[in-house]
Amino acid sequence: MNTGSLTAAILVVIAVSVALGLLHAFVTVTLRANQIVSGLAMTLLGAGLSAYIGKPISGLPLPGSVPKWHMSWLEPVPVIGDIFAHLDVFTWASFALVAAMHIYIHRTSAGLHLRAIGDNPPTADVMGIPVQWLRYGYVIAGSALIGLAGADLLLVYTPAWTEGMTAGKGWIAVALVIFARWNPLRALFCAYFFGMLDSLGFRLQLIGSDVPTYFLKMIPYFVTIFVLMFLGWRNRGKLSGAPQSLGTPYLREQRF
């Protein structure tokens, strides 16, 4: 059904993402299945489902676009004006979201509870924090944000749907979280660093570079692997910044 409404499209994206996130939360939190296996299964399910549903509209232009926030007063400013004067609403929302998440995680009691259930769920449970319910909520909230990221990829980055359009960017997002050490502000800068590398290939093609196209497309992924290797070597023997109970199901009966 084609509504032509950007708001309706975003709401559908969130609804589908929440449904998949609820399924993943049920499998990993309630059934205590392996989170990596469940995540891979959800990835394959999402890829197959999107390919089946999206096949009739593959390559067709979208009926609408995301509005941009034009700031003409910023245009005369060198460099800054070129970057920020005509950004779309999704990009500005991402900046606000990163700031809000940083404050929420590091400056609020709810954020302290979030870190507690990630680092030491038995202690959090003893303190009266509803570990299972919060894990459900955060998995679902994260799934909704993943859906919005996919909407941004479709509506802003490449305004037409094609099968496999993510081209592995979801896995790069996982790597970004790792070498940002689970910090939202660092993740923002890491994401734009990857974006810069991703656009470098297009720039080199425009100036007539003789470097093969396939090699240029490899640059951001190669650099990501190199950075992960470097950080792993530099921080060997140190805490990675990851939640200490990451990927570990919580059994309430074993809290003591």
# chains A, B, ... in the order shown; residues from 1 in each chain; ligands from 1

$ select_by_dssp --residues "range 15-127 of chain A" --states "helix (DSSP H, G or I)" --output "number ranges by chain"
A: 15-30, 35-57, 72-74, 80-84, 89-107, 109-119, 121-126

$ closest_atom_pairs --of "range 136-163 of chain A" --to "range 25-48 of chain A" --cutoff "8 Å" --atoms "only C-alpha atoms" --output "tab-separated table"
residue	atom	partner	partner_atom	distance
A:Tyr136	CA	A:Ala25	CA	5.6
A:Val139	CA	A:Ala25	CA	6.1
A:Ile140	CA	A:Ala25	CA	7.2

$ write_last_selection --atoms "all heavy atoms" --output "short mmCIF file (atom, residue, chain, number, x, y, z; two decimals), in the first residue's frame"
data_model
loop_
_atom_site.label_atom_id
_atom_site.label_comp_id
_atom_site.auth_asym_id
_atom_site.auth_seq_id
_atom_site.Cartn_x
_atom_site.Cartn_y
_atom_site.Cartn_z
N TYR A 136 14.29 -6.59 28.19
CA TYR A 136 13.28 -6.60 27.13
C TYR A 136 13.14 -5.21 26.52
O TYR A 136 13.16 -5.02 25.30
CB TYR A 136 11.93 -7.04 27.70
CG TYR A 136 11.53 -8.44 27.34
CD1 TYR A 136 11.90 -9.51 28.15
CD2 TYR A 136 10.78 -8.71 26.20
CE1 TYR A 136 11.53 -10.81 27.84
CE2 TYR A 136 10.40 -10.01 25.88
CZ TYR A 136 10.78 -11.05 26.71
OH TYR A 136 10.41 -12.33 26.37
N VAL A 139 16.27 -4.04 24.46
CA VAL A 139 16.40 -4.75 23.19
C VAL A 139 15.39 -4.21 22.18
O VAL A 139 15.72 -3.98 21.01
CB VAL A 139 16.21 -6.27 23.39
CG1 VAL A 139 16.07 -6.98 22.05
CG2 VAL A 139 17.38 -6.85 24.16
N ILE A 140 14.16 -3.99 22.63
CA ILE A 140 13.13 -3.48 21.74
C ILE A 140 13.45 -2.05 21.31
O ILE A 140 13.31 -1.69 20.13
CB ILE A 140 11.76 -3.54 22.43
CG1 ILE A 140 11.34 -5.01 22.64
CG2 ILE A 140 10.69 -2.81 21.62
CD1 ILE A 140 10.10 -5.19 23.48
#

$ closest_residue --among "A:Arg186, A:Ile178, A:Ser209, A:Thr224" --to "Gly241 in chain A" --atoms "only C-alpha atoms"
A:Ile178

$ residues_around --residues "Gly59 in chain A" --least-positions-apart "4" --cutoff "12 Å" --atoms "only C-alpha atoms" --output "ChimeraX atom specification"
/A:54-55,154,158-165

$ residues_around --residues "range 86-98 of chain A" --least-positions-apart "6" --cutoff "6 Å" --atoms "only C-alpha atoms" --output "PyMOL selection string"
chain A and resi 67-70+184

$ write_last_selection --atoms "N, CA, C and O atoms" --output "PDB file, in the first residue's frame"
ATOM      1  N   PRO A  67      12.460  15.947   4.505  1.00  0.00           N
ATOM      2  CA  PRO A  67      12.689  17.395   4.407  1.00  0.00           C
ATOM      3  C   PRO A  67      14.043  17.803   4.979  1.00  0.00           C
ATOM      4  O   PRO A  67      14.579  17.143   5.874  1.00  0.00           O
ATOM      5  N   LYS A  68      14.576  18.887   4.444  1.00  0.00           N
ATOM      6  CA  LYS A  68      15.855  19.412   4.915  1.00  0.00           C
ATOM      7  C   LYS A  68      15.642  20.717   5.682  1.00  0.00           C
ATOM      8  O   LYS A  68      14.684  21.453   5.437  1.00  0.00           O
ATOM      9  N   TRP A  69      16.545  20.966   6.591  1.00  0.00           N
ATOM     10  CA  TRP A  69      16.498  22.186   7.393  1.00  0.00           C
ATOM     11  C   TRP A  69      17.513  23.146   6.791  1.00  0.00           C
ATOM     12  O   TRP A  69      18.713  23.034   7.002  1.00  0.00           O
ATOM     13  N   HIS A  70      17.001  24.100   6.027  1.00  0.00           N
ATOM     14  CA  HIS A  70      17.868  25.050   5.343  1.00  0.00           C
ATOM     15  C   HIS A  70      18.174  26.243   6.255  1.00  0.00           C
ATOM     16  O   HIS A  70      17.262  26.915   6.741  1.00  0.00           O
ATOM     17  N   PRO A 184      28.371   6.761  23.297  1.00  0.00           N
ATOM     18  CA  PRO A 184      27.623   7.349  22.171  1.00  0.00           C
ATOM     19  C   PRO A 184      28.371   8.468  21.453  1.00  0.00           C
ATOM     20  O   PRO A 184      28.318   8.550  20.213  1.00  0.00           O
TER      21      PRO A 184
END

$ select_by_dssp --residues "range 49-121 of chain A" --states "strand (DSSP E or B)" --output "PyMOL selection string"
chain A and resi 61+68-70+86-88

$ write_last_selection --atoms "C-alpha atoms" --output "CSV table (one decimal), in the first residue's frame"
chain,number,residue,atom,x,y,z
A,61,PRO,CA,12.1,6.1,-7.1
A,68,LYS,CA,15.9,19.4,4.9
A,69,TRP,CA,16.5,22.2,7.4
A,70,HIS,CA,17.9,25.0,5.3
A,86,HIS,CA,21.3,22.0,4.3
A,87,LEU,CA,21.2,18.9,6.4
A,88,ASP,CA,18.1,16.7,6.5

$ atom_distance --atom1 "CA of Gly128 in chain A" --atom2 "CA of Ala116 in chain A"
11.5 Å

$ residues_around --residues "Phe193 in chain A" --least-positions-apart "6" --cutoff "12 Å" --atoms "only C-alpha atoms" --output "ChimeraX atom specification"
/A:172-173,176,180,186-187,199-200,219-221,223-224,227

$ residues_around --residues "Ile105 in chain A" --least-positions-apart "4" --cutoff "8 Å" --atoms "only C-alpha atoms" --output "VMD selection string"
chain A and resid 101 110 to 112 114 to 115
